[in-house]
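*Asks:* The file below is input-v2.cif, mmCIF, C-alpha atoms:
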```
data_model
loop_
_atom_site.label_atom_id
_atom_site.label_comp_id
_atom_site.auth_asym_id
_atom_site.auth_seq_id
_atom_site.Cartn_x
_atom_site.Cartn_y
_atom_site.Cartn_z
CA MET A 226 7.59 4.56 4.58
CA SER A 227 4.95 6.94 3.24
CA ASN A 228 4.89 5.14 -0.11
CA PHE A 229 4.68 1.74 1.58
CA ILE A 230 1.74 2.80 3.75
CA ASN A 231 -0.02 4.52 0.85
CA ASP A 232 0.53 1.60 -1.54
CA LYS A 233 0.20 -1.42 0.72
CA ILE A 234 -1.64 -0.61 3.95
CA LEU A 235 -4.11 2.19 3.24
CA PRO A 236 -5.75 0.51 0.22
CA LYS A 237 -6.65 -2.49 2.38
CA ILE A 238 -7.95 -0.28 5.18
CA MET A 239 -9.99 1.81 2.76
CA ALA A 240 -11.32 -1.28 1.01
CA PHE A 241 -12.72 -2.45 4.34
CA ILE A 242 -14.02 0.98 5.32
CA ASN A 243 -15.72 1.45 1.96
CA THR A 244 -17.63 -1.83 2.09
CA LYS A 245 -21.38 -1.41 1.95
CA GLY A 246 -21.79 -2.69 5.49
CA MET A 247 -19.25 -0.33 7.02
CA GLN A 248 -20.71 2.66 5.19
CA ALA A 249 -24.21 1.75 6.39
CA LEU A 250 -22.97 1.24 9.95
CA LYS A 251 -21.00 4.50 10.03
CA ASP A 252 -23.77 6.65 8.56
CA GLY A 253 -26.74 4.79 10.04
CA MET A 254 -25.57 5.16 13.64
CA VAL A 255 -25.56 8.94 13.29
CA TYR A 256 -29.37 8.99 13.34
CA SER A 257 -29.33 8.17 17.06
CA MET A 258 -27.16 11.15 18.05
CA PRO A 259 -29.91 13.83 18.25
CA LEU A 260 -31.94 11.64 20.62
CA LEU A 261 -28.90 10.93 22.80
CA ILE A 262 -27.91 14.58 23.08
CA VAL A 263 -31.46 15.81 23.81
CA GLY A 264 -32.01 12.92 26.23
CA SER A 265 -28.83 13.94 28.05
CA ILE A 266 -30.41 17.28 28.95
CA PHE A 267 -33.20 15.53 30.83
CA LEU A 268 -30.71 13.10 32.35
CA ILE A 269 -28.68 16.01 33.72
CA LEU A 270 -31.86 17.51 35.19
CA SER A 271 -32.82 14.19 36.76
CA PHE A 272 -29.35 13.78 38.31
CA PHE A 273 -28.64 17.46 38.84
CA PRO A 274 -25.28 17.99 40.60
CA TYR A 275 -26.80 20.11 43.38
CA GLN A 276 -28.93 18.24 45.88
CA PRO A 277 -31.32 21.09 46.88
CA VAL A 278 -32.32 21.42 43.23
CA VAL A 279 -32.87 17.64 42.98
CA ASP A 280 -34.99 17.73 46.14
CA TRP A 281 -37.12 20.54 44.70
CA PHE A 282 -37.59 18.69 41.42
CA ALA A 283 -38.68 15.62 43.39
CA SER A 284 -41.05 17.61 45.60
CA VAL A 285 -42.97 18.99 42.61
CA GLY A 286 -43.00 15.64 40.79
CA LEU A 287 -40.62 16.53 37.96
CA ILE A 288 -38.16 13.65 38.37
CA PRO A 289 -40.56 11.06 36.83
CA ILE A 290 -41.20 13.51 33.98
CA PHE A 291 -37.47 13.84 33.29
CA ASP A 292 -37.08 10.05 33.49
CA GLN A 293 -39.90 9.59 30.99
CA ALA A 294 -38.16 11.90 28.51
CA TYR A 295 -34.86 10.11 29.09
CA GLY A 296 -36.51 6.72 28.56
CA ALA A 297 -38.08 7.86 25.29
CA THR A 298 -34.69 8.90 23.90
CA PHE A 299 -31.79 6.93 25.35
CA ASN A 300 -33.73 3.71 25.72
CA LEU A 301 -34.69 3.71 22.05
CA MET A 302 -31.15 4.00 20.68
CA GLY A 303 -31.20 0.39 19.43
CA MET A 304 -34.46 0.93 17.57
CA VAL A 305 -33.16 4.08 15.92
CA ALA A 306 -29.88 2.34 15.02
CA VAL A 307 -31.53 -0.67 13.36
CA VAL A 308 -33.77 1.58 11.24
CA GLY A 309 -30.90 3.92 10.36
CA ILE A 310 -28.49 1.16 9.34
CA ALA A 311 -30.98 -0.72 7.15
CA TYR A 312 -32.25 2.54 5.64
CA THR A 313 -28.73 3.76 4.84
CA TYR A 314 -27.67 0.41 3.35
CA VAL A 315 -30.62 0.31 0.93
CA LYS A 316 -30.46 4.04 0.17
CA ASN A 317 -26.79 3.74 -0.76
CA GLU A 318 -27.76 0.99 -3.19
CA GLY A 319 -30.16 3.36 -4.92
CA PHE A 320 -33.51 1.91 -3.83
CA GLU A 321 -36.45 3.32 -1.88
CA ALA A 322 -35.23 2.72 1.66
CA LEU A 323 -37.86 3.66 4.22
CA SER A 324 -39.67 0.33 3.92
CA ALA A 325 -36.40 -1.49 4.62
CA GLY A 326 -35.97 0.53 7.81
CA PHE A 327 -39.42 -0.43 9.08
CA ILE A 328 -38.88 -4.10 8.16
CA ALA A 329 -35.62 -4.04 10.13
CA LEU A 330 -37.43 -2.53 13.11
CA ALA A 331 -40.09 -5.24 12.99
CA SER A 332 -37.44 -7.97 12.83
CA PHE A 333 -35.53 -6.39 15.72
CA ILE A 334 -38.64 -6.37 17.92
CA LEU A 335 -39.58 -9.89 16.81
CA LEU A 336 -36.22 -11.26 17.99
CA GLN A 337 -36.67 -9.91 21.53
CA PRO A 338 -38.58 -11.27 24.56
CA SER A 339 -42.19 -10.08 24.50
CA PHE A 340 -42.91 -10.44 28.21
CA VAL A 341 -41.63 -9.51 31.66
CA ILE A 342 -42.09 -11.18 35.03
CA SER A 343 -43.74 -8.87 37.57
CA GLY A 344 -43.63 -10.65 40.91
CA THR A 345 -45.17 -14.03 40.15
CA GLU A 346 -47.18 -12.77 37.17
CA LYS A 347 -46.08 -12.98 33.54
CA VAL A 348 -47.00 -9.85 31.60
CA ASN A 349 -47.18 -10.47 27.84
CA GLY A 350 -47.31 -8.19 24.83
CA ILE A 351 -44.65 -5.66 25.83
CA ILE A 352 -41.59 -4.09 24.26
CA ASN A 353 -38.87 -4.24 26.89
CA LYS A 354 -36.71 -1.11 26.78
CA THR A 355 -33.84 -3.16 28.19
CA TRP A 356 -33.34 -4.57 24.71
CA THR A 357 -34.15 -1.46 22.70
CA SER A 358 -31.35 0.47 24.40
CA GLY A 359 -27.68 -0.29 25.01
CA GLN A 360 -28.01 -4.01 25.69
CA GLY A 361 -29.60 -4.57 22.29
CA MET A 362 -27.13 -2.47 20.30
CA ILE A 363 -25.06 -5.26 18.73
CA CYS A 364 -28.23 -7.15 17.79
CA ALA A 365 -29.58 -3.94 16.23
CA ILE A 366 -26.40 -3.56 14.18
CA LEU A 367 -26.52 -7.17 12.95
CA VAL A 368 -30.23 -7.02 12.12
CA GLY A 369 -29.87 -3.67 10.33
CA LEU A 370 -27.02 -4.93 8.16
CA ALA A 371 -28.74 -8.26 7.42
CA VAL A 372 -32.04 -6.65 6.47
CA GLY A 373 -30.29 -4.09 4.29
CA PHE A 374 -28.41 -6.83 2.45
CA ILE A 375 -31.41 -9.13 1.98
CA TYR A 376 -33.78 -6.33 0.94
CA THR A 377 -31.24 -5.07 -1.60
CA TRP A 378 -30.82 -8.60 -3.01
CA PHE A 379 -34.55 -8.84 -3.70
CA MET A 380 -34.52 -5.42 -5.35
CA LYS A 381 -31.55 -6.25 -7.58
CA LYS A 382 -33.12 -9.57 -8.60
CA ASN A 383 -36.44 -7.81 -9.33
CA ILE A 384 -38.26 -10.22 -7.04
CA THR A 385 -41.00 -7.73 -6.28
CA ILE A 386 -44.63 -6.98 -7.06
CA LYS A 387 -44.77 -4.38 -9.81
CA MET A 388 -47.77 -2.10 -9.99
CA PRO A 389 -49.06 -0.60 -13.25
CA ALA A 390 -48.23 2.96 -14.26
CA GLY A 391 -50.38 5.61 -12.65
CA VAL A 392 -50.48 3.97 -9.22
CA PRO A 393 -49.42 6.48 -6.53
CA SER A 394 -45.77 6.07 -5.54
CA GLY A 395 -46.62 5.39 -1.89
CA VAL A 396 -48.87 2.47 -2.85
CA ALA A 397 -46.38 1.18 -5.41
CA ASN A 398 -43.52 1.23 -2.91
CA ALA A 399 -45.63 -0.67 -0.36
CA PHE A 400 -46.27 -3.47 -2.85
CA ILE A 401 -42.65 -3.48 -4.02
CA ALA A 402 -41.58 -4.11 -0.41
CA LEU A 403 -44.15 -6.86 0.16
CA ILE A 404 -42.18 -9.90 -1.02
CA PRO A 405 -38.86 -8.97 0.66
CA ALA A 406 -40.81 -8.05 3.82
CA ALA A 407 -42.52 -11.45 3.84
CA ALA A 408 -39.20 -13.25 3.37
CA ILE A 409 -37.35 -11.24 6.03
CA ILE A 410 -40.09 -11.44 8.64
CA THR A 411 -40.49 -15.19 7.99
CA LEU A 412 -36.74 -15.68 8.40
CA SER A 413 -36.78 -13.65 11.63
CA THR A 414 -39.67 -15.76 12.91
CA CYS A 415 -37.72 -18.96 12.20
CA ILE A 416 -34.71 -17.57 14.05
CA TYR A 417 -36.93 -16.60 16.98
CA ALA A 418 -38.43 -20.10 17.03
CA PHE A 419 -35.01 -21.76 16.95
CA PHE A 420 -33.71 -19.82 19.94
CA GLN A 421 -36.99 -19.92 21.85
CA LEU A 422 -37.73 -23.64 21.39
CA GLY A 423 -34.20 -24.94 21.10
CA LEU A 424 -32.22 -22.80 23.54
CA GLN A 425 -34.99 -21.32 25.74
CA THR A 426 -33.77 -17.81 25.06
CA THR A 427 -34.12 -15.16 22.38
CA PHE A 428 -31.74 -14.03 19.68
CA VAL A 429 -31.10 -10.62 21.26
CA GLU A 430 -30.33 -12.17 24.66
CA TRP A 431 -28.00 -14.74 23.08
CA ILE A 432 -26.17 -12.03 21.08
CA TYR A 433 -25.79 -9.96 24.24
CA GLN A 434 -24.25 -12.82 26.20
CA VAL A 435 -22.06 -14.33 23.47
CA ILE A 436 -20.96 -11.28 21.45
CA GLN A 437 -21.80 -7.95 23.06
CA ILE A 438 -20.43 -8.56 26.57
CA PRO A 439 -17.05 -9.79 25.23
CA LEU A 440 -16.88 -6.87 22.76
CA GLN A 441 -17.66 -4.37 25.50
CA GLY A 442 -14.92 -5.97 27.58
CA ILE A 443 -12.39 -5.62 24.75
CA THR A 444 -13.21 -1.96 24.11
CA ASP A 445 -13.28 -1.30 27.85
CA SER A 446 -9.58 -2.13 28.20
CA LEU A 447 -6.31 -0.23 28.07
CA GLY A 448 -5.40 -2.08 24.87
CA GLY A 449 -8.66 -1.00 23.28
CA VAL A 450 -7.98 2.61 24.27
CA ILE A 451 -4.51 2.55 22.71
CA VAL A 452 -5.79 1.03 19.46
CA MET A 453 -8.57 3.63 19.08
CA ALA A 454 -6.27 6.50 20.09
CA PHE A 455 -3.69 5.43 17.49
CA LEU A 456 -6.01 4.62 14.59
CA ILE A 457 -7.72 8.01 14.49
CA PRO A 458 -4.59 10.17 13.95
CA PHE A 459 -2.96 7.42 11.85
CA LEU A 460 -5.79 7.55 9.32
CA TRP A 461 -5.94 11.35 9.49
CA PHE A 462 -2.18 11.56 8.79
CA PHE A 463 -2.90 10.21 5.33
CA GLY A 464 -5.90 12.47 4.80
CA VAL A 465 -8.57 9.91 5.76
CA HIS A 466 -11.22 11.08 8.25
CA GLY A 467 -10.18 8.77 11.08
CA SER A 468 -12.51 10.30 13.67
CA THR A 469 -15.63 9.54 11.66
CA ILE A 470 -14.47 6.06 10.72
CA VAL A 471 -13.44 4.86 14.19
CA SER A 472 -16.41 6.49 15.90
CA GLY A 473 -18.75 5.07 13.27
CA ILE A 474 -17.46 1.53 13.77
CA MET A 475 -17.03 1.65 17.55
CA GLY A 476 -19.85 4.05 18.39
CA GLY A 477 -22.47 1.36 19.00
CA ILE A 478 -20.33 -0.46 21.55
CA LEU A 479 -19.15 2.74 23.25
CA GLN A 480 -22.74 3.98 23.52
CA ALA A 481 -23.73 0.61 24.95
CA ASN A 482 -21.00 0.99 27.60
CA ALA A 483 -22.41 4.39 28.59
CA ALA A 484 -25.96 3.01 28.66
CA SER A 485 -24.82 0.16 30.93
CA ASN A 486 -23.30 2.70 33.31
CA GLN A 487 -26.56 4.62 33.41
CA GLU A 488 -28.50 1.43 34.15
CA ILE A 489 -26.33 0.94 37.25
CA LEU A 490 -27.36 4.39 38.47
CA ASN A 491 -30.99 3.77 37.57
CA ALA A 492 -30.88 0.65 39.72
CA GLY A 493 -29.96 2.82 42.73
CA LEU A 494 -26.36 1.59 42.86
CA GLU A 495 -23.15 3.55 42.99
CA LEU A 496 -21.42 3.78 39.60
CA THR A 497 -18.16 1.95 40.31
CA LEU A 498 -16.02 -0.67 38.64
CA ALA A 499 -17.00 -3.11 41.38
CA ASN A 500 -20.64 -2.71 40.36
CA GLY A 501 -19.84 -3.41 36.72
CA GLY A 502 -19.16 0.11 35.47
CA HIS A 503 -17.31 0.69 32.19
CA ILE A 504 -14.39 3.09 31.85
CA VAL A 505 -14.35 3.48 28.05
CA THR A 506 -17.50 5.06 26.65
CA GLN A 507 -18.47 7.44 23.86
CA GLN A 508 -17.62 10.35 26.18
CA PHE A 509 -14.14 8.88 26.73
CA LEU A 510 -13.55 9.04 22.97
CA ASP A 511 -15.25 12.34 22.15
CA GLN A 512 -14.16 14.48 25.09
CA PHE A 513 -10.59 13.25 25.56
CA ILE A 514 -9.10 11.21 22.71
CA THR A 515 -10.46 13.57 20.04
CA VAL A 516 -11.04 16.72 22.09
CA THR A 517 -10.06 19.85 20.05
CA GLY A 518 -9.84 17.51 17.04
CA ALA A 519 -7.97 14.38 16.01
CA GLY A 520 -4.51 14.25 17.55
CA VAL A 521 -5.68 16.63 20.33
CA THR A 522 -3.96 19.47 18.46
CA ILE A 523 -4.83 22.27 20.90
CA GLY A 524 -1.21 22.35 22.08
CA LEU A 525 -0.09 22.83 18.50
CA VAL A 526 -2.66 25.58 17.91
CA VAL A 527 -1.66 27.45 21.08
CA TYR A 528 1.99 27.46 20.04
CA LEU A 529 1.15 28.64 16.53
CA ALA A 530 -1.13 31.43 17.73
CA PHE A 531 1.01 32.82 20.57
CA PHE A 532 4.64 31.66 20.16
CA ALA A 533 5.31 30.99 16.46
CA LYS A 534 8.07 32.98 14.77
CA SER A 535 6.95 32.10 11.25
CA ALA A 536 4.41 34.53 9.81
CA GLN A 537 2.56 31.72 8.03
CA TYR A 538 2.35 29.58 11.16
CA LYS A 539 1.24 32.50 13.32
CA GLU A 540 -1.56 33.33 10.89
CA ILE A 541 -2.68 29.68 10.75
CA GLY A 542 -2.67 29.59 14.55
CA LYS A 543 -4.91 32.65 14.81
CA LEU A 544 -7.35 31.15 12.31
CA SER A 545 -7.35 27.80 14.12
CA VAL A 546 -8.02 28.92 17.72
CA GLY A 547 -11.76 29.45 17.24
CA PRO A 548 -12.48 26.14 15.48
CA ALA A 549 -10.26 24.25 17.97
CA MET A 550 -12.45 25.43 20.84
CA PHE A 551 -15.30 23.57 19.16
CA ASN A 552 -13.18 20.47 18.43
CA ILE A 553 -12.63 21.25 14.75
CA ASN A 554 -9.03 21.14 13.61
CA GLU A 555 -9.06 20.81 9.81
CA PRO A 556 -7.50 24.32 9.47
CA VAL A 557 -4.36 23.23 11.29
CA LEU A 558 -4.30 19.69 9.84
CA PHE A 559 -4.20 20.99 6.28
CA GLY A 560 -2.81 24.48 6.92
CA VAL A 561 0.50 23.67 8.64
CA PRO A 562 0.08 20.89 7.38
CA VAL A 563 0.04 18.06 9.88
CA VAL A 564 -1.13 15.62 7.22
CA LEU A 565 1.89 13.82 5.72
CA ASN A 566 4.28 15.97 7.80
CA PRO A 567 7.07 13.68 9.08
CA ILE A 568 8.19 16.18 11.75
CA LEU A 569 4.74 16.29 13.41
CA ALA A 570 3.81 12.62 12.86
CA LEU A 571 5.18 11.37 16.19
CA PRO A 572 3.39 13.87 18.48
CA PHE A 573 0.23 13.62 16.36
CA PHE A 574 0.13 9.87 17.04
CA LEU A 575 1.48 10.07 20.59
CA VAL A 576 -0.66 12.78 22.20
CA PRO A 577 -4.05 10.97 22.03
CA ILE A 578 -2.44 7.73 23.20
CA VAL A 579 -0.87 9.43 26.22
CA ILE A 580 -4.12 11.24 27.01
CA GLY A 581 -6.10 8.01 26.64
CA ILE A 582 -3.75 6.24 29.07
CA VAL A 583 -3.89 9.13 31.56
CA GLU A 584 -7.68 9.25 31.41
CA TYR A 585 -8.00 5.47 31.75
CA PHE A 586 -5.89 5.28 34.90
CA ALA A 587 -7.40 8.46 36.36
CA ILE A 588 -10.80 6.76 36.20
CA TYR A 589 -9.45 3.35 37.20
CA PHE A 590 -7.89 4.72 40.39
CA GLY A 591 -10.89 6.89 41.23
CA LEU A 592 -9.30 10.27 40.54
CA ALA A 593 -12.11 10.98 38.07
CA PRO A 594 -15.62 9.47 37.94
CA LEU A 595 -17.00 6.93 35.51
CA TYR A 596 -19.27 8.40 32.86
CA SER A 597 -23.03 8.02 33.14
CA GLY A 598 -25.41 8.24 30.19
CA VAL A 599 -25.00 12.01 29.86
CA MET A 600 -23.87 12.85 26.33
CA VAL A 601 -22.91 16.22 24.90
CA ALA A 602 -22.44 17.23 21.28
CA TRP A 603 -18.88 16.55 20.09
CA THR A 604 -18.59 20.28 19.29
CA THR A 605 -19.05 21.27 22.97
CA PRO A 606 -15.95 23.23 24.06
CA PRO A 607 -13.49 21.43 26.36
CA ILE A 608 -13.73 22.06 30.10
CA ILE A 609 -17.45 22.79 29.64
CA SER A 610 -17.94 19.32 28.18
CA GLY A 611 -15.86 17.79 30.95
CA PHE A 612 -17.97 19.45 33.61
CA LEU A 613 -21.22 18.34 31.98
CA ILE A 614 -20.26 14.68 31.61
CA GLY A 615 -18.41 14.21 34.89
CA GLY A 616 -18.29 17.30 37.11
CA TRP A 617 -15.33 19.38 38.21
CA ARG A 618 -12.91 16.46 38.45
CA THR A 619 -13.45 15.53 34.80
CA ALA A 620 -13.14 19.20 33.77
CA LEU A 621 -9.83 19.42 35.68
CA LEU A 622 -8.63 16.20 34.04
CA GLN A 623 -9.48 17.67 30.64
CA LEU A 624 -7.49 20.79 31.45
CA PHE A 625 -4.47 18.69 32.45
CA CYS A 626 -4.71 16.69 29.22
CA LEU A 627 -4.81 19.88 27.15
CA PHE A 628 -1.64 20.99 28.94
CA LEU A 629 -0.04 17.64 28.08
CA SER A 630 -0.87 18.29 24.44
CA PHE A 631 1.11 21.54 24.51
CA VAL A 632 4.11 19.95 26.27
CA ILE A 633 4.36 17.02 23.85
CA TYR A 634 3.89 19.08 20.67
CA LEU A 635 6.27 21.85 21.80
CA PRO A 636 9.72 20.49 20.72
CA PHE A 637 8.40 19.24 17.39
CA ILE A 638 6.45 22.32 16.33
CA ARG A 639 9.31 24.54 17.53
CA LYS A 640 11.63 22.70 15.13
CA ALA A 641 9.10 22.96 12.29
CA ASP A 642 8.57 26.66 13.07
CA LYS A 643 12.30 27.33 12.93
CA MET A 644 12.57 25.64 9.53
CA GLN A 645 9.56 27.55 8.22
CA LYS A 646 10.98 30.84 9.48
CA GLU A 647 14.27 30.14 7.67
CA ASN A 648 12.39 29.36 4.45
CA GLU A 649 10.45 32.61 4.73
CA SER A 650 13.68 34.56 5.30
CA LYS A 651 15.31 33.01 2.23
CA ALA A 652 12.23 33.77 0.15
CA ALA A 653 12.25 37.40 1.32
CA GLN A 654 15.92 37.80 0.27
CA GLN A 655 15.34 36.56 -3.28
#
```
Just give me the structure of the file as C-alpha cells.
*Replies:*
Amino acid sequence: MSNFINDKILPKIMAFINTKGMQALKDGMVYSMPLLIVGSIFLILSFFPYQPVVDWFASVGLIPIFDQAYGATFNLMGMVAVVGIAYTYVKNEGFEALSAGFIALASFILLQPSFVISGTEKVNGIINKTWTSGQGMICAILVGLAVGFIYTWFMKKNITIKMPAGVPSGVANAFIALIPAAAIITLSTCIYAFFQLGLQTTFVEWIYQVIQIPLQGITDSLGGVIVMAFLIPFLWFFGVHGSTIVSGIMGGILQANAASNQEILNAGLELTLANGGHIVTQQFLDQFITVTGAGVTIGLVVYLAFFAKSAQYKEIGKLSVGPAMFNINEPVLFGVPVVLNPILALPFFLVPIVIGIVEYFAIYFGLAPLYSGVMVAWTTPPIISGFLIGGWRTALLQLFCLFLSFVIYLPFIRKADKMQKENESKAAQQ
C-alpha cells in the first residue's frame, strides 16, 4: 500500500501542488495573515466579552476607533491577497515582481463597482470595502493568478521596453512593466465593459454569485470538513506538509467565511445559521482540526511524556510537550516516527476527522458559537485560542477534543510503546 501510494497517488498530488499557480496561491495568501491577526485585536476590543467594558469604550468614543482599525485590516484582505499572489507568481519565475503586484491591484479595483447608493443619491468614485474583503476573495485569487501568468508571459517573450545601460533600476523596471501593464489593464477594462454593458453587473459581483457562494457552501459542509481533516494527516503521513498545502489552497475561502460571519455582526444581527452564518472558517481549521499540530497529536505526546515505558519514547515525549503547546508537532512526527508508521496511521487519520465532526455538530446544534472575524496566530496555545475566538464554550469544546485525541491514540501508541520497549530490552541484552 505504501509503495502504491508513493508511486501512483502522491506524484499526481505533488504535481498539482507544485504547479506555479498553486505555489503562488499558497505563498501569496500568507501576506494577509499579519493584518488579520492584528485586526483581530481591535475586533476583540470592539466586541469585548464584558459589557461594562464595552459601555465604557463606547462612552469615551473608542468603538469607532477600533472599528476603523478593523476596517483597515480585515476589509483589505482581498487587496493584500491579489498583490501577494501576483507578486509571488512573478517572483517565483525569476522576474522583478513588485510591478506585477500593483498591476494586479489596479485590475482588481477596476473590476469592482465604483459607486454606492446612499438613500436616493449615487455616490461615485469610491472603493467599496465590501469587495476588498471576504466577498471579493475568489475574484482576488483569480485576478492575482491571471496577472501573474500574463505578466510572466510578456517577460519570457521579451515584449518589454528596454532602457539603455546606466538608467537607474527603478526607472528601468517601470518601463519594463509598461507594455504588460497596458495589456493587462486594457484586458481588465474590456472585461469590466462586457459585464457592465452586457450583464449590468461587475466581474467581482458575478464571481461572488456564481463561484464564491457555491464554494463557500461546499467548504461549509460536513463533507468538506471530513475531506480537509483527512487530507492534512494523509499528506503528512508521507512527509508532505499537509497543513500548509490545505490551508494555502482553502485559506481564501475559509477566511471569506469568517469575514461573512463578521459582516452579520456588523449589521447588528445575531450570528446564527438562520441569519446566514458559516460553521467552517479558518478558526475551525486552525484551532481544532490542526490544533497541537497535524493529526491533533497532543494525546500521543501526553502518553509519550507521562506513560511511555520505552526510554526513547519517553524522551521524545518530554521534548515534544513544549512545541505541542504551540501547535508544532514535527518532533513527534519524525521522532517516533508517525510518518510512514503503519501502527499509528489509523489514529493519525481518524483523530482530526472525529474532532472535525464533533466541532461541526457542536456548532450546528448551538452547543458552541459560530466564529466571528476574530483570528489568532496558529501558534496560540489551545484553550487560550478557544477562549479568544469563541469564549468559554469554545475553550471547553477544545479541551474535550484534546481529551478525545488521547483516548483514540491510546491503544495504538500503547502497542507501539510495548514493541519499542521489547526492542530496547533485546538491544540491551546483546
*Asks:* Could you state which residues are captured by the PyMOL selection byres ((chain A and resi 376) around 8) in this file, as a PyMOL selection string?
*Replies:* chain A and resi 315+325+372-375+377-380+405-406+409
*Asks:* Grab the residues selected above and save them as a PDB file, keeping the file's coordinate frame with C-alpha atoms.
*Replies:*
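Wrote again13.pdb, looks like this:
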```pdb
ATOM      1  CA  VAL A 315     -30.620   0.310   0.930  1.00  0.00           C
ATOM      2  CA  ALA A 325     -36.400  -1.490   4.620  1.00  0.00           C
ATOM      3  CA  VAL A 372     -32.040  -6.650   6.470  1.00  0.00           C
ATOM      4  CA  GLY A 373     -30.290  -4.090   4.290  1.00  0.00           C
ATOM      5  CA  PHE A 374     -28.410  -6.830   2.450  1.00  0.00           C
ATOM      6  CA  ILE A 375     -31.410  -9.130   1.980  1.00  0.00           C
ATOM      7  CA  THR A 377     -31.240  -5.070  -1.600  1.00  0.00           C
ATOM      8  CA  TRP A 378     -30.820  -8.600  -3.010  1.00  0.00           C
ATOM      9  CA  PHE A 379     -34.550  -8.840  -3.700  1.00  0.00           C
ATOM     10  CA  MET A 380     -34.520  -5.420  -5.350  1.00  0.00           C
ATOM     11  CA  PRO A 405     -38.860  -8.970   0.660  1.00  0.00           C
ATOM     12  CA  ALA A 406     -40.810  -8.050   3.820  1.00  0.00           C
ATOM     13  CA  ILE A 409     -37.350 -11.240   6.030  1.00  0.00           C
TER      14      ILE A 409
END
```
*Asks:* Please evaluate the PyMOL selection byres ((chain A and resi 564) around 8) against the structure above and give the resulting residues as number ranges by chain.
*Replies:* A: 461-464, 558-559, 562-563, 565-566
*Asks:* Would you mind listing what lies within 7 Å of region 349-366 of chain A as a list in words, with all atoms listed in the file counted and same-chain residues fewer than 6 positions away left out?
*Replies:*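 Contacts, in chain order: Phe299, Asn300, Leu301, Met302, Gly303, Met304, Ala306, Val307, Phe333, Ser339, Phe340, Val341, Val429, Ile432, Tyr433, Gln437, Gly477, Gln480, Ala481, Ala484 and Ser485 of chain A.
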*Asks:* Env of Val521 (chain A): 9 Å cut, atoms = all atoms listed in the file, seq-sep filter 6 positions within chain, self excluded. Answer as a PyMOL selection string.
*Replies:* chain A and resi 513-515+552+554+573+576-577+580+626-627+630
*Asks:* List as a ChimeraX atom specification the protein and nucleic acid residues near Ile638 (chain A), meaning an atom at most 10 Å away when all atoms listed in the file are counted, but skip any in the same chain fewer than 5 places from it.
*Replies:* /A:524-526,528-529,533,538,561,568-569,572,631,633,643-644
*Asks:* Which residue is closest to Gly501 (chain A)? Choose from A:Asn317, A:Gly518, A:Gly442, A:Ala530 and count all atoms listed in the file.
*Replies:*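 Ranking A:Asn317, A:Gly518, A:Gly442, A:Ala530 by distance to Gly501 (chain A), first place goes to A:Gly442.
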*Asks:* Between A:Ala402, A:Leu335, A:Ala652, A:Ile614, single out the one closest to Ser265 (chain A), counting all atoms listed in the file.
*Replies:*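 Among A:Ala402, A:Leu335, A:Ala652, A:Ile614, it is A:Ile614 that comes nearest to Ser265 (chain A).
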*Asks:* Go ahead and compute the interatomic distance for CA of Ser332 (chain A) and CA of Tyr417 (chain A), in Å to one decimal.
*Replies:* 9.6 Å
*Asks:* Would you list the contacts of Glu584 (chain A) as a tab-separated table (two decimals) with C-alpha atoms, keeping the file's coordinate frame, taking every protein, DNA or RNA residue within 12 Å and counting all atoms listed in the file, but skipping same-chain residues closer than 6 positions in sequence?
*Replies:*
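Written file, result01.tsv:
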```
chain	number	residue	atom	x	y	z
A	446	SER	CA	-9.58	-2.13	28.20
A	447	LEU	CA	-6.31	-0.23	28.07
A	450	VAL	CA	-7.98	2.61	24.27
A	451	ILE	CA	-4.51	2.55	22.71
A	454	ALA	CA	-6.27	6.50	20.09
A	504	ILE	CA	-14.39	3.09	31.85
A	505	VAL	CA	-14.35	3.48	28.05
A	506	THR	CA	-17.50	5.06	26.65
A	508	GLN	CA	-17.62	10.35	26.18
A	509	PHE	CA	-14.14	8.88	26.73
A	510	LEU	CA	-13.55	9.04	22.97
A	512	GLN	CA	-14.16	14.48	25.09
A	513	PHE	CA	-10.59	13.25	25.56
A	514	ILE	CA	-9.10	11.21	22.71
A	577	PRO	CA	-4.05	10.97	22.03
A	578	ILE	CA	-2.44	7.73	23.20
A	590	PHE	CA	-7.89	4.72	40.39
A	591	GLY	CA	-10.89	6.89	41.23
A	592	LEU	CA	-9.30	10.27	40.54
A	593	ALA	CA	-12.11	10.98	38.07
A	594	PRO	CA	-15.62	9.47	37.94
A	595	LEU	CA	-17.00	6.93	35.51
A	596	TYR	CA	-19.27	8.40	32.86
A	611	GLY	CA	-15.86	17.79	30.95
A	618	ARG	CA	-12.91	16.46	38.45
A	619	THR	CA	-13.45	15.53	34.80
A	620	ALA	CA	-13.14	19.20	33.77
A	621	LEU	CA	-9.83	19.42	35.68
A	622	LEU	CA	-8.63	16.20	34.04
A	623	GLN	CA	-9.48	17.67	30.64
A	624	LEU	CA	-7.49	20.79	31.45
A	625	PHE	CA	-4.47	18.69	32.45
A	626	CYS	CA	-4.71	16.69	29.22
A	627	LEU	CA	-4.81	19.88	27.15
A	629	LEU	CA	-0.04	17.64	28.08
```
*Asks:* Take CA of Ser257 (chain A) and CA of Met600 (chain A) and report the distance between them in Å, one decimal.
*Replies:*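 Atom-to-atom, CA of Ser257 (chain A) and CA of Met600 (chain A) are spaced 11.7 Å apart.
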*Asks:* When you count all atoms listed in the file, which of these residues is closest to Thr427 (chain A): A:Ser394, A:Asn491, A:Gln337, A:Thr414?
*Replies:*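 Of all the options, A:Gln337 lies closest to Thr427 (chain A).
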*Asks:* I'd like to know which of A:Val527, A:Ile582, A:Ile553, A:Leu613 is closest to Val632 (chain A), using all atoms listed in the file.
*Replies:* A:Val527
*Asks:* Find the spatial neighbours of Lys316 (chain A), counting only C-alpha atoms, within a cut-off of 12 Å - ignore same-chain residues fewer than 3 positions away - and output them as a list in words.
*Replies:*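 Neighbouring residues, sequence-local ones excluded: Lys245, Gln248, Ala249, Asp252, Gly253, Val308, Gly309, Ile310, Ala311, Tyr312, Thr313, Gly319, Phe320, Glu321, Ala322, Leu323, Ser324, Ala325, Gly326, Gly373, Phe374, Tyr376, Thr377 and Met380 of chain A.
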*Asks:* Could you check which of A:Ala641, A:Val368, A:Leu336, A:Ala653 is closest to Ala570 (chain A), using all atoms listed in the file?
*Replies:*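 Distance minimum relative to Ala570 (chain A) lands on A:Ala641.
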*Asks:* Would you work out the distance separating CA of Ser650 (chain A) from CA of Ala536 (chain A), expressed in Å to one decimal?
*Replies:*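 Between CA of Ser650 (chain A) and CA of Ala536 (chain A) the gap works out to 10.3 Å.
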